[in-house]
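To start, the structure under review is shown below, and the notes come after it.
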Amino acid sequence: MDPVLKNTKKELLLGNEAIVRGALEVGLSFATTYPGTPASEVGNVLAKIAKKLGIYFEFSTNEKVALETAAGAAFSGLPAMVSLKHYGLNVALDSLLPLIYLECPLVVVVADDPGSWSSIQTEQDSRWISRLGHLPTLEPSDSQEAKEMTKYAFKLTKKYKIPVLIRLTTRVCHTRSLVKYGKIFPTKKKGNFYKTKNLSATGSLPTIERHKNLLSKIKEIEKSELLKTKLNKIFKDNSNKVGIIASGVSYYYAKEAINEIGINLPILKIGFSYPFPKDITKKFIKNLEKVLIVEETDAIIEYEIRQIAKNVNPKLKIYGKDLLPQIGEMRPEYVLVALSKILNKSLPKNLVNNQKYFKLQKIEKRLPNLCPGCPHRATFWIVKKALGKNKIFAGDIGCYLLGALPPYKMADYIVAMGASVGLSHGVSKSTGKKPVIFIGDSTFFHAGIPALINTVFNKSDVLIIILDNRITAMTGHQPHPGTGITGLGEKTKALKIEEVVQSCGVDSVEVINVYNINESIVKVKKAYQKKGISVVVAKGECRLLTVRKLARIGVRTPKFEIFRQSPNLEILKDFGCPAIRKHKGKYYIDENVCWGCGVCRQIFPKNIRLKK
Amino acid sequence: MSNKNTFNLIIAGYGGQGVLTMAKIIAYAAMFAGYDVKQAELHGLAQRGGSLICQVRFGKKVYSPLIRQGNADLIIGLEILETLHACYYADKNKTIILANSEFYNPYLFEQKGIDSQKIIKDIKSFGLKTELISASKIIKKVIKDTAMINTFMTSYAVEKKLLPIREKFILQAMKEKFRKIFWEDNLKVFQIAKLTAKNK
Ligand SMILES: Cc1ncc(C[n+]2csc(CCOP(=O)(O)OP(=O)(O)O)c2C)c(N)n1
Ligand code: SF4
Ligand code: SF4
């Protein structure tokens, strides 16, 4: 049984799982997402359990659609939630902002990724969006709080008719900690849409009126909720003149630092961070001489404190990003160092020692790589053979972004989901060259289609290779519109990418099977020679998925072996399958690593064969 | 347990070695043993064969999910280069390092240009005591694969009392978290590791 469904008193949960449990305890009825790490498990867990509990759940085509869909449910009176990673919130922002004006009672979960552990585009602090949109915002520190704050978010959203943002960071999402369980509340199966809801009044007057309402609503929340909430709390309110203000997981780093130094400093923990809790802050900083602000990632609370201190305690010395990093994730040692500086204390010996000696180590970092037998590797090989390495190559977001690394290095720019197409169109128009675009299937459905239509509309000259591995692989194998299965596990129509492309007006469409190397090379060459826009749909199932399917039915993955040595096999180094290696001048395939795609045999049919 | 009653464990390896599973099992075992637990892991890019460090902290009350630099009680490394990475958390006067002594980079065409003796020497300079063991060689004796280094190292650490959790809780967690088809092989690896630890 999934841990979130267990009938138990307490359970070890990831922050993401705790969000789901919290939502279940207040009768979640409708949930949507588009996958994105570090938020992915919210959707993954729901996909597993929703049907059983009568909850409607879907993986939408992108985050904007996911948010709009959940908003539709919220307007129809169902407890609804959408979960996104930080870039996802960017994609959904255009709809989110008016939904705040329109009093949509929706819970929005966003996961930021300080340290960029699974985000190559940017580091981002989504709490700016709270301020941009006047969006009440909660910041849990661990799984227990993630659960409690989710429950509270549903209460708030209903009471004040306003979306509520739960802002997570990687170390909250992906830390397991103990959660006390309450009862699961039954779901509401059917909603009601009342036509009298005045959602469509247009013109500048209603908009301004709504803006005014929103601001007074925020005032009301400040007055009623912020004054009584326990999410903002002062700990150890003693006479010490140095204090700490912290939010999210940083609060625990501050706790550790205080414990290590051994001085009991007062802490103000901020859990409800927008609208900012001014009253408790005033009370906290009034008699302090110094305060350290610890938060991930930008100086948002720090900015608020500086404003408040101007009136309440202008002499207060405020430390924050001057002593703590604004890039990368927060860490316990950073807080300890900052606090020691402020208090003029020496650092623990084991920290000083490690700082001194570890720095001297030059350790090779292990790069990530495509799996053995990955269809993307076959595609990169085919394109390299067909077109050489010197074309302009556009990468996009997904496993295949690893094509930017050696041995292929076939991505001159990677920007954001779907951006490869528009960018290349611009490059093509400016240079007269014909860029080659690699875009994944899920990414194509997410944001590639409008850009594709634009290339047709505006007479572009690009080659688009759509890597159709039948799944959203990088984020953990979620279905998409081409998969034929919904988030609830039900059968649905599987869109064929080649048909979508044709109906967008592309005349030159080729389908290749990437596990058929020689034929594919010929087809890619031909596709490139066509003037104007041409599309190659490169089909080949994600090998990890295939291997798992085989394991489930008890079939062993085939293995290949090198049975005849030849100096030519050195070429396999550029092919880059991690199963193929050289030892003391001899080439061999490690059968513990080989996933049996057979591509290497196609490259060297006289030297490689299926192992019996 | 040092450090005000919280035990600080680092598990280091690369994507695909079962670092996440191992951390989860130990975290659950600590919970079964009645401790407060926090276990931090990473998903996403790190899983495509990249470096991967997981942290497990348990004790009476645990605050931070992350161990402070230089403050680990135990580092378990599933491969030596990754063990050296994890020495960011090591304390010369406290940390025990238990590492699978094999250098193995599945993503290197030739395993050349790497001086494993130097890496091992460096690792030793960071800890109070370093124990190296050639895990896959021993595992190969009982099962077909060289996988399950994670289970091997866990069992070894428990038997040697480097990890202050009783065996029965580890086994309970393994039984709950492993899929049935893997359970038997894991048990075999668990037993051989125990035996190895006893005789070493
Ligand atoms: C706006 C946005 N949403 C989500 C993500 C997270 N994300 C990273 S890779 C990826 C999967 C893309 O899938 P696909 O294009 O099919 O490539 P695959 O990983 O299957 O090769 C997603 C959803 C993101 N980077 N940006
Ligand atoms: S998960 Fe699938 S698509 Fe991603 S690298 Fe592995 S085989 Fe390739
Ligand atoms: S068959 Fe060849 S290319 Fe495919 S995974 Fe095995 S070794 Fe790699």
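Following the order of the structure tokens, chains are lettered A, B, ..., residues in each are numbered from 1, and ligands are numbered from 1.
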- Message: I need the contact residues of chain B against chain A, so if you could list those with any atom within 8 Å, counting only C-alpha atoms, and return them as a ChimeraX atom specification, that would help.
- Response: /B:14,28,31,36-51,63-71,81,84-85,87-93,106-111,145-146
- Query: Using only C-alpha atoms and all ligand atoms, what are the residues with an atom within 10 Å of ligand 3, set out as a PyMOL selection string?
  - Reply: chain A and resi 371-375+377-378+515+543+557-562+572+575-581+588-604+608-611
- DSSP on the backbone: what in stretch 20-79 of chain B comes out alpha helix (DSSP H), as a ChimeraX atom specification? /B:20-32
- Return the single residue from A:Pro266, A:Ala74, A:Trp128, A:Pro275 that is closest to A:Asn192, with distances computed using only C-alpha atoms.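 Result for the nearest residue to A:Asn192: A:Ala74.
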- Task: Just the residues within 12 Å of B:Lys124, please, counting only C-alpha atoms, with nothing from its chain fewer than 3 positions along; format it as a PyMOL selection string.
- Result: chain B and resi 75+80+83-84+87+90-93+95-99+101+117-121+127-132
- Message: Considering only C-alpha atoms and all ligand atoms, can you say which of A:Lys147, A:Lys233, A:Lys85, A:Lys52 comes closest to ligand 1?
- Response: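 The answer is A:Lys85, which sits nearest to ligand 1.
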- Query: Using only C-alpha atoms and all ligand atoms, which protein or nucleic acid residues are at most 9 Å from ligand 1, as a ChimeraX atom specification?
  - Reply: /A:34-38,40,62-63,84-92,118-121,375-376,396-401,416-418,439-447,466-478,480,542 /B:44
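Pairwise distance (atom CA of A:Val511, atom CA of A:Glu499) equals 10.5 Å.
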- Query: In terms of the shortest atom-to-atom distance over only C-alpha atoms, which of A:Thr229, A:Asn44, A:Thr207, A:Thr61 is closest to A:Leu99?
  - Reply: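 Ranking A:Thr229, A:Asn44, A:Thr207, A:Thr61 by distance to A:Leu99, first place goes to A:Thr207.
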- Item | Distance criterion (only C-alpha atoms): nearest to A:Val291 out of A:Val242, A:Ile184, A:Ile267, A:Leu323 | A:Val242
- Message: From the options B:Arg166, B:Ala72, B:Ala33, B:Leu9, which residue's atoms come nearest to B:Cys54, counting only C-alpha atoms?
- Response: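 Smallest distance to B:Cys54 is found for B:Leu9.
Between atom CA of A:Arg127 and atom CA of A:Gly328 there is a distance of 16.2 Å.
When only C-alpha atoms and all ligand atoms are used to measure the gap to ligand 2, the shortest distance among B:Val56, B:Ile170, B:Gly16, B:Glu102 belongs to B:Gly16.
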Could you give me the residues within chain B that DSSP places in strand (DSSP E or B), as an mmCIF file with all heavy atoms, in the first residue's frame?
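Below you can see part09.cif, which holds the result:
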```cif
data_model
loop_
_atom_site.group_PDB
_atom_site.id
_atom_site.type_symbol
_atom_site.label_atom_id
_atom_site.label_comp_id
_atom_site.auth_asym_id
_atom_site.auth_seq_id
_atom_site.Cartn_x
_atom_site.Cartn_y
_atom_site.Cartn_z
ATOM 1 N N THR B 6 22.339 13.024 18.089
ATOM 2 C CA THR B 6 21.868 12.767 16.729
ATOM 3 C C THR B 6 22.964 12.016 15.984
ATOM 4 O O THR B 6 24.123 12.420 16.028
ATOM 5 C CB THR B 6 21.561 14.084 15.995
ATOM 6 O OG1 THR B 6 20.553 14.766 16.714
ATOM 7 C CG2 THR B 6 21.063 13.816 14.587
ATOM 8 N N PHE B 7 22.592 10.933 15.319
ATOM 9 C CA PHE B 7 23.571 10.177 14.544
ATOM 10 C C PHE B 7 23.539 10.684 13.109
ATOM 11 O O PHE B 7 22.475 10.790 12.503
ATOM 12 C CB PHE B 7 23.265 8.679 14.588
ATOM 13 C CG PHE B 7 24.376 7.841 14.012
ATOM 14 C CD1 PHE B 7 25.476 7.490 14.789
ATOM 15 C CD2 PHE B 7 24.337 7.412 12.690
ATOM 16 C CE1 PHE B 7 26.504 6.725 14.266
ATOM 17 C CE2 PHE B 7 25.371 6.663 12.151
ATOM 18 C CZ PHE B 7 26.458 6.311 12.943
ATOM 19 N N ASN B 8 24.737 10.984 12.581
ATOM 20 C CA ASN B 8 24.842 11.584 11.244
ATOM 21 C C ASN B 8 25.459 10.606 10.259
ATOM 22 O O ASN B 8 26.641 10.322 10.330
ATOM 23 C CB ASN B 8 25.713 12.835 11.301
ATOM 24 C CG ASN B 8 25.070 13.938 12.123
ATOM 25 O OD1 ASN B 8 23.847 14.070 12.110
ATOM 26 N ND2 ASN B 8 25.862 14.705 12.832
ATOM 27 N N LEU B 9 24.635 10.128 9.338
ATOM 28 C CA LEU B 9 25.115 9.144 8.368
ATOM 29 C C LEU B 9 25.070 9.707 6.953
ATOM 30 O O LEU B 9 24.065 10.279 6.526
ATOM 31 C CB LEU B 9 24.220 7.891 8.431
ATOM 32 C CG LEU B 9 24.337 6.894 7.275
ATOM 33 C CD1 LEU B 9 25.701 6.207 7.281
ATOM 34 C CD2 LEU B 9 23.223 5.853 7.343
ATOM 35 N N ILE B 10 26.181 9.527 6.243
ATOM 36 C CA ILE B 10 26.231 9.901 4.823
ATOM 37 C C ILE B 10 26.334 8.632 3.993
ATOM 38 O O ILE B 10 27.112 7.738 4.318
ATOM 39 C CB ILE B 10 27.480 10.771 4.529
ATOM 40 C CG1 ILE B 10 27.403 12.104 5.255
ATOM 41 C CG2 ILE B 10 27.685 10.956 3.036
ATOM 42 C CD1 ILE B 10 26.588 13.152 4.564
ATOM 43 N N ILE B 11 25.555 8.550 2.939
ATOM 44 C CA ILE B 11 25.690 7.439 1.999
ATOM 45 C C ILE B 11 26.039 8.032 0.640
ATOM 46 O O ILE B 11 25.321 8.903 0.133
ATOM 47 C CB ILE B 11 24.373 6.650 1.883
ATOM 48 C CG1 ILE B 11 23.925 6.168 3.265
ATOM 49 C CG2 ILE B 11 24.553 5.451 0.944
ATOM 50 C CD1 ILE B 11 22.507 5.664 3.289
ATOM 51 N N ALA B 12 27.155 7.585 0.070
ATOM 52 C CA ALA B 12 27.602 8.180 -1.191
ATOM 53 C C ALA B 12 27.779 7.112 -2.258
ATOM 54 O O ALA B 12 28.234 6.003 -1.978
ATOM 55 C CB ALA B 12 28.930 8.913 -0.970
ATOM 56 N N GLY B 13 27.400 7.455 -3.461
ATOM 57 C CA GLY B 13 27.571 6.535 -4.580
ATOM 58 C C GLY B 13 27.237 7.286 -5.856
ATOM 59 O O GLY B 13 27.231 8.515 -5.868
ATOM 60 N N TYR B 14 26.969 6.550 -6.913
ATOM 61 C CA TYR B 14 26.505 7.231 -8.122
ATOM 62 C C TYR B 14 25.142 6.664 -8.518
ATOM 63 O O TYR B 14 24.742 5.599 -8.034
ATOM 64 C CB TYR B 14 27.515 7.099 -9.265
ATOM 65 C CG TYR B 14 27.961 5.691 -9.573
ATOM 66 C CD1 TYR B 14 27.197 4.852 -10.371
ATOM 67 C CD2 TYR B 14 29.157 5.200 -9.067
ATOM 68 C CE1 TYR B 14 27.608 3.568 -10.643
ATOM 69 C CE2 TYR B 14 29.578 3.907 -9.336
ATOM 70 C CZ TYR B 14 28.789 3.089 -10.129
ATOM 71 O OH TYR B 14 29.188 1.821 -10.391
ATOM 72 N N ASP B 36 13.515 9.686 16.128
ATOM 73 C CA ASP B 36 13.101 10.724 15.193
ATOM 74 C C ASP B 36 14.098 10.647 14.017
ATOM 75 O O ASP B 36 15.276 10.378 14.221
ATOM 76 C CB ASP B 36 13.176 12.094 15.863
ATOM 77 C CG ASP B 36 12.626 13.201 14.966
ATOM 78 O OD1 ASP B 36 11.831 12.876 14.045
ATOM 79 O OD2 ASP B 36 12.979 14.382 15.176
ATOM 80 N N VAL B 37 13.612 10.861 12.783
ATOM 81 C CA VAL B 37 14.464 10.660 11.609
ATOM 82 C C VAL B 37 14.279 11.774 10.596
ATOM 83 O O VAL B 37 13.158 12.236 10.374
ATOM 84 C CB VAL B 37 14.073 9.362 10.849
ATOM 85 C CG1 VAL B 37 15.151 8.991 9.846
ATOM 86 C CG2 VAL B 37 13.776 8.219 11.777
ATOM 87 N N LYS B 38 15.367 12.173 9.959
ATOM 88 C CA LYS B 38 15.252 12.961 8.722
ATOM 89 C C LYS B 38 16.198 12.357 7.701
ATOM 90 O O LYS B 38 17.350 12.052 8.016
ATOM 91 C CB LYS B 38 15.585 14.431 8.972
ATOM 92 C CG LYS B 38 14.463 15.144 9.715
ATOM 93 C CD LYS B 38 14.382 16.623 9.444
ATOM 94 C CE LYS B 38 13.033 17.148 9.942
ATOM 95 N NZ LYS B 38 13.177 18.240 10.924
ATOM 96 N N GLN B 39 15.694 12.164 6.507
ATOM 97 C CA GLN B 39 16.512 11.545 5.460
ATOM 98 C C GLN B 39 16.392 12.365 4.194
ATOM 99 O O GLN B 39 15.329 12.503 3.605
ATOM 100 C CB GLN B 39 16.016 10.111 5.221
ATOM 101 C CG GLN B 39 16.742 9.391 4.100
ATOM 102 C CD GLN B 39 15.788 8.864 3.054
ATOM 103 O OE1 GLN B 39 14.730 8.340 3.381
ATOM 104 N NE2 GLN B 39 16.150 9.024 1.793
ATOM 105 N N ALA B 40 17.535 12.940 3.787
ATOM 106 C CA ALA B 40 17.522 13.828 2.623
ATOM 107 C C ALA B 40 18.065 13.106 1.397
ATOM 108 O O ALA B 40 19.092 12.442 1.476
ATOM 109 C CB ALA B 40 18.364 15.069 2.910
ATOM 110 N N SER B 51 26.917 11.771 -9.619
ATOM 111 C CA SER B 51 27.240 11.636 -8.194
ATOM 112 C C SER B 51 25.983 11.800 -7.350
ATOM 113 O O SER B 51 25.136 12.626 -7.652
ATOM 114 C CB SER B 51 28.237 12.714 -7.772
ATOM 115 O OG SER B 51 29.433 12.583 -8.501
ATOM 116 N N LEU B 52 25.896 11.029 -6.279
ATOM 117 C CA LEU B 52 24.673 11.058 -5.478
ATOM 118 C C LEU B 52 25.021 10.884 -4.002
ATOM 119 O O LEU B 52 25.627 9.883 -3.628
ATOM 120 C CB LEU B 52 23.752 9.931 -5.960
ATOM 121 C CG LEU B 52 22.330 9.888 -5.459
ATOM 122 C CD1 LEU B 52 21.625 11.215 -5.691
ATOM 123 C CD2 LEU B 52 21.559 8.793 -6.171
ATOM 124 N N ILE B 53 24.637 11.852 -3.200
ATOM 125 C CA ILE B 53 24.862 11.744 -1.760
ATOM 126 C C ILE B 53 23.534 11.820 -1.031
ATOM 127 O O ILE B 53 22.736 12.714 -1.286
ATOM 128 C CB ILE B 53 25.792 12.875 -1.260
ATOM 129 C CG1 ILE B 53 27.233 12.565 -1.685
ATOM 130 C CG2 ILE B 53 25.725 13.018 0.251
ATOM 131 C CD1 ILE B 53 28.256 13.555 -1.171
ATOM 132 N N CYS B 54 23.256 10.847 -0.163
ATOM 133 C CA CYS B 54 22.060 10.874 0.668
ATOM 134 C C CYS B 54 22.477 11.007 2.127
ATOM 135 O O CYS B 54 23.554 10.568 2.508
ATOM 136 C CB CYS B 54 21.271 9.574 0.518
ATOM 137 S SG CYS B 54 20.204 9.570 -0.896
ATOM 138 N N GLN B 55 21.616 11.603 2.904
ATOM 139 C CA GLN B 55 21.940 11.800 4.310
ATOM 140 C C GLN B 55 20.828 11.251 5.179
ATOM 141 O O GLN B 55 19.660 11.457 4.888
ATOM 142 C CB GLN B 55 22.088 13.296 4.598
ATOM 143 C CG GLN B 55 22.743 14.066 3.466
ATOM 144 C CD GLN B 55 23.360 15.373 3.929
ATOM 145 O OE1 GLN B 55 23.286 15.748 5.081
ATOM 146 N NE2 GLN B 55 23.991 16.080 2.994
ATOM 147 N N VAL B 56 21.203 10.565 6.235
ATOM 148 C CA VAL B 56 20.210 10.100 7.200
ATOM 149 C C VAL B 56 20.646 10.568 8.584
ATOM 150 O O VAL B 56 21.786 10.355 8.988
ATOM 151 C CB VAL B 56 20.086 8.561 7.227
ATOM 152 C CG1 VAL B 56 18.888 8.149 8.079
ATOM 153 C CG2 VAL B 56 19.964 7.989 5.832
ATOM 154 N N ARG B 57 19.755 11.239 9.278
ATOM 155 C CA ARG B 57 20.034 11.678 10.648
ATOM 156 C C ARG B 57 18.961 11.100 11.547
ATOM 157 O O ARG B 57 17.782 11.169 11.232
ATOM 158 C CB ARG B 57 20.025 13.204 10.736
ATOM 159 C CG ARG B 57 20.915 13.899 9.703
ATOM 160 C CD ARG B 57 21.040 15.387 9.985
ATOM 161 N NE ARG B 57 21.833 15.621 11.171
ATOM 162 C CZ ARG B 57 21.627 16.622 12.036
ATOM 163 N NH1 ARG B 57 20.632 17.467 11.839
ATOM 164 N NH2 ARG B 57 22.391 16.762 13.102
ATOM 165 N N PHE B 58 19.356 10.505 12.651
ATOM 166 C CA PHE B 58 18.354 10.014 13.590
ATOM 167 C C PHE B 58 18.810 10.190 15.029
ATOM 168 O O PHE B 58 20.002 10.277 15.311
ATOM 169 C CB PHE B 58 17.959 8.571 13.300
ATOM 170 C CG PHE B 58 19.120 7.590 13.263
ATOM 171 C CD1 PHE B 58 19.514 6.908 14.396
ATOM 172 C CD2 PHE B 58 19.789 7.347 12.066
ATOM 173 C CE1 PHE B 58 20.567 5.995 14.351
ATOM 174 C CE2 PHE B 58 20.854 6.452 12.018
ATOM 175 C CZ PHE B 58 21.243 5.774 13.159
ATOM 176 N N GLY B 59 17.838 10.265 15.910
ATOM 177 C CA GLY B 59 18.130 10.507 17.321
ATOM 178 C C GLY B 59 16.858 10.886 18.031
ATOM 179 O O GLY B 59 15.759 10.629 17.534
ATOM 180 N N LEU B 74 29.321 8.635 10.485
ATOM 181 C CA LEU B 74 29.653 7.493 9.633
ATOM 182 C C LEU B 74 29.440 7.877 8.169
ATOM 183 O O LEU B 74 28.433 8.491 7.824
ATOM 184 C CB LEU B 74 28.745 6.305 10.006
ATOM 185 C CG LEU B 74 28.837 5.043 9.150
ATOM 186 C CD1 LEU B 74 30.211 4.401 9.242
ATOM 187 C CD2 LEU B 74 27.759 4.037 9.573
ATOM 188 N N ILE B 75 30.420 7.534 7.339
ATOM 189 C CA ILE B 75 30.247 7.703 5.893
ATOM 190 C C ILE B 75 30.313 6.318 5.271
ATOM 191 O O ILE B 75 31.284 5.590 5.483
ATOM 192 C CB ILE B 75 31.356 8.592 5.289
ATOM 193 C CG1 ILE B 75 31.232 10.024 5.819
ATOM 194 C CG2 ILE B 75 31.293 8.578 3.752
ATOM 195 C CD1 ILE B 75 32.357 10.950 5.374
ATOM 196 N N ILE B 76 29.278 5.945 4.560
ATOM 197 C CA ILE B 76 29.324 4.681 3.832
ATOM 198 C C ILE B 76 29.417 5.015 2.347
ATOM 199 O O ILE B 76 28.548 5.693 1.796
ATOM 200 C CB ILE B 76 28.071 3.820 4.096
ATOM 201 C CG1 ILE B 76 27.922 3.547 5.601
ATOM 202 C CG2 ILE B 76 28.165 2.493 3.337
ATOM 203 C CD1 ILE B 76 26.740 2.670 5.966
ATOM 204 N N GLY B 77 30.491 4.578 1.714
ATOM 205 C CA GLY B 77 30.682 4.878 0.300
ATOM 206 C C GLY B 77 30.545 3.607 -0.517
ATOM 207 O O GLY B 77 31.101 2.579 -0.174
ATOM 208 N N ILE B 96 33.867 7.587 11.083
ATOM 209 C CA ILE B 96 34.262 6.272 10.589
ATOM 210 C C ILE B 96 33.870 6.220 9.113
ATOM 211 O O ILE B 96 32.760 6.603 8.745
ATOM 212 C CB ILE B 96 33.498 5.149 11.329
ATOM 213 C CG1 ILE B 96 33.595 5.319 12.848
ATOM 214 C CG2 ILE B 96 34.001 3.774 10.872
ATOM 215 C CD1 ILE B 96 34.945 5.053 13.422
ATOM 216 N N ILE B 97 34.796 5.781 8.290
ATOM 217 C CA ILE B 97 34.496 5.673 6.862
ATOM 218 C C ILE B 97 34.510 4.208 6.468
ATOM 219 O O ILE B 97 35.488 3.502 6.733
ATOM 220 C CB ILE B 97 35.516 6.462 6.019
ATOM 221 C CG1 ILE B 97 35.505 7.937 6.459
ATOM 222 C CG2 ILE B 97 35.195 6.342 4.533
ATOM 223 C CD1 ILE B 97 36.586 8.780 5.810
ATOM 224 N N LEU B 98 33.419 3.776 5.891
ATOM 225 C CA LEU B 98 33.321 2.401 5.428
ATOM 226 C C LEU B 98 33.078 2.465 3.927
ATOM 227 O O LEU B 98 32.076 3.022 3.477
ATOM 228 C CB LEU B 98 32.147 1.709 6.133
ATOM 229 C CG LEU B 98 31.718 0.350 5.610
ATOM 230 C CD1 LEU B 98 32.825 -0.670 5.776
ATOM 231 C CD2 LEU B 98 30.463 -0.123 6.321
ATOM 232 N N ALA B 99 34.023 1.923 3.147
ATOM 233 C CA ALA B 99 33.874 2.110 1.700
ATOM 234 C C ALA B 99 34.098 0.828 0.927
ATOM 235 O O ALA B 99 34.966 0.018 1.272
ATOM 236 C CB ALA B 99 34.838 3.183 1.215
ATOM 237 N N ASN B 100 33.304 0.672 -0.101
ATOM 238 C CA ASN B 100 33.559 -0.361 -1.091
ATOM 239 C C ASN B 100 34.804 0.086 -1.854
ATOM 240 O O ASN B 100 34.804 1.145 -2.461
ATOM 241 C CB ASN B 100 32.335 -0.462 -2.007
ATOM 242 C CG ASN B 100 32.554 -1.424 -3.145
ATOM 243 O OD1 ASN B 100 33.404 -2.302 -3.064
ATOM 244 N ND2 ASN B 100 31.792 -1.260 -4.206
ATOM 245 N N GLU B 110 37.592 3.821 -20.838
ATOM 246 C CA GLU B 110 38.700 3.051 -20.272
ATOM 247 C C GLU B 110 38.879 3.468 -18.828
ATOM 248 O O GLU B 110 38.933 4.652 -18.535
ATOM 249 C CB GLU B 110 39.990 3.355 -21.039
ATOM 250 C CG GLU B 110 40.196 2.482 -22.247
ATOM 251 C CD GLU B 110 41.509 2.822 -22.946
ATOM 252 O OE1 GLU B 110 42.514 2.228 -22.586
ATOM 253 O OE2 GLU B 110 41.486 3.692 -23.825
ATOM 254 N N LYS B 129 38.835 6.497 11.309
ATOM 255 C CA LYS B 129 39.137 5.115 10.983
ATOM 256 C C LYS B 129 38.480 4.807 9.635
ATOM 257 O O LYS B 129 37.348 5.207 9.388
ATOM 258 C CB LYS B 129 38.516 4.228 12.066
ATOM 259 C CG LYS B 129 39.071 2.825 12.065
ATOM 260 C CD LYS B 129 38.563 2.043 13.269
ATOM 261 C CE LYS B 129 38.412 0.596 12.846
ATOM 262 N NZ LYS B 129 37.098 0.062 13.073
ATOM 263 N N THR B 130 39.220 4.136 8.772
ATOM 264 C CA THR B 130 38.661 3.814 7.457
ATOM 265 C C THR B 130 38.680 2.307 7.245
ATOM 266 O O THR B 130 39.694 1.659 7.470
ATOM 267 C CB THR B 130 39.483 4.489 6.344
ATOM 268 O OG1 THR B 130 39.495 5.888 6.590
ATOM 269 C CG2 THR B 130 38.858 4.241 4.987
ATOM 270 N N GLU B 131 37.557 1.785 6.855
ATOM 271 C CA GLU B 131 37.507 0.364 6.561
ATOM 272 C C GLU B 131 37.142 0.172 5.103
ATOM 273 O O GLU B 131 36.138 0.704 4.630
ATOM 274 C CB GLU B 131 36.470 -0.319 7.457
ATOM 275 C CG GLU B 131 37.018 -1.598 8.055
ATOM 276 C CD GLU B 131 36.005 -2.311 8.908
ATOM 277 O OE1 GLU B 131 35.646 -1.784 9.985
ATOM 278 O OE2 GLU B 131 35.558 -3.391 8.498
ATOM 279 N N LEU B 132 37.970 -0.586 4.396
ATOM 280 C CA LEU B 132 37.705 -0.806 2.974
ATOM 281 C C LEU B 132 37.360 -2.258 2.751
ATOM 282 O O LEU B 132 37.922 -3.144 3.385
ATOM 283 C CB LEU B 132 38.948 -0.453 2.165
ATOM 284 C CG LEU B 132 39.249 1.031 2.171
ATOM 285 C CD1 LEU B 132 40.722 1.278 1.995
ATOM 286 C CD2 LEU B 132 38.451 1.740 1.085
ATOM 287 N N ILE B 133 36.446 -2.463 1.843
ATOM 288 C CA ILE B 133 36.037 -3.833 1.588
ATOM 289 C C ILE B 133 35.690 -3.978 0.117
ATOM 290 O O ILE B 133 35.133 -3.059 -0.488
ATOM 291 C CB ILE B 133 34.856 -4.204 2.506
ATOM 292 C CG1 ILE B 133 34.408 -5.627 2.255
ATOM 293 C CG2 ILE B 133 33.692 -3.285 2.333
ATOM 294 C CD1 ILE B 133 34.202 -6.344 3.538
#
```
- Message: Quick check, in Å to one decimal: how far apart do atom CA of B:Lys137 and atom CA of B:Val19 lie?
- Response: 19.0 Å
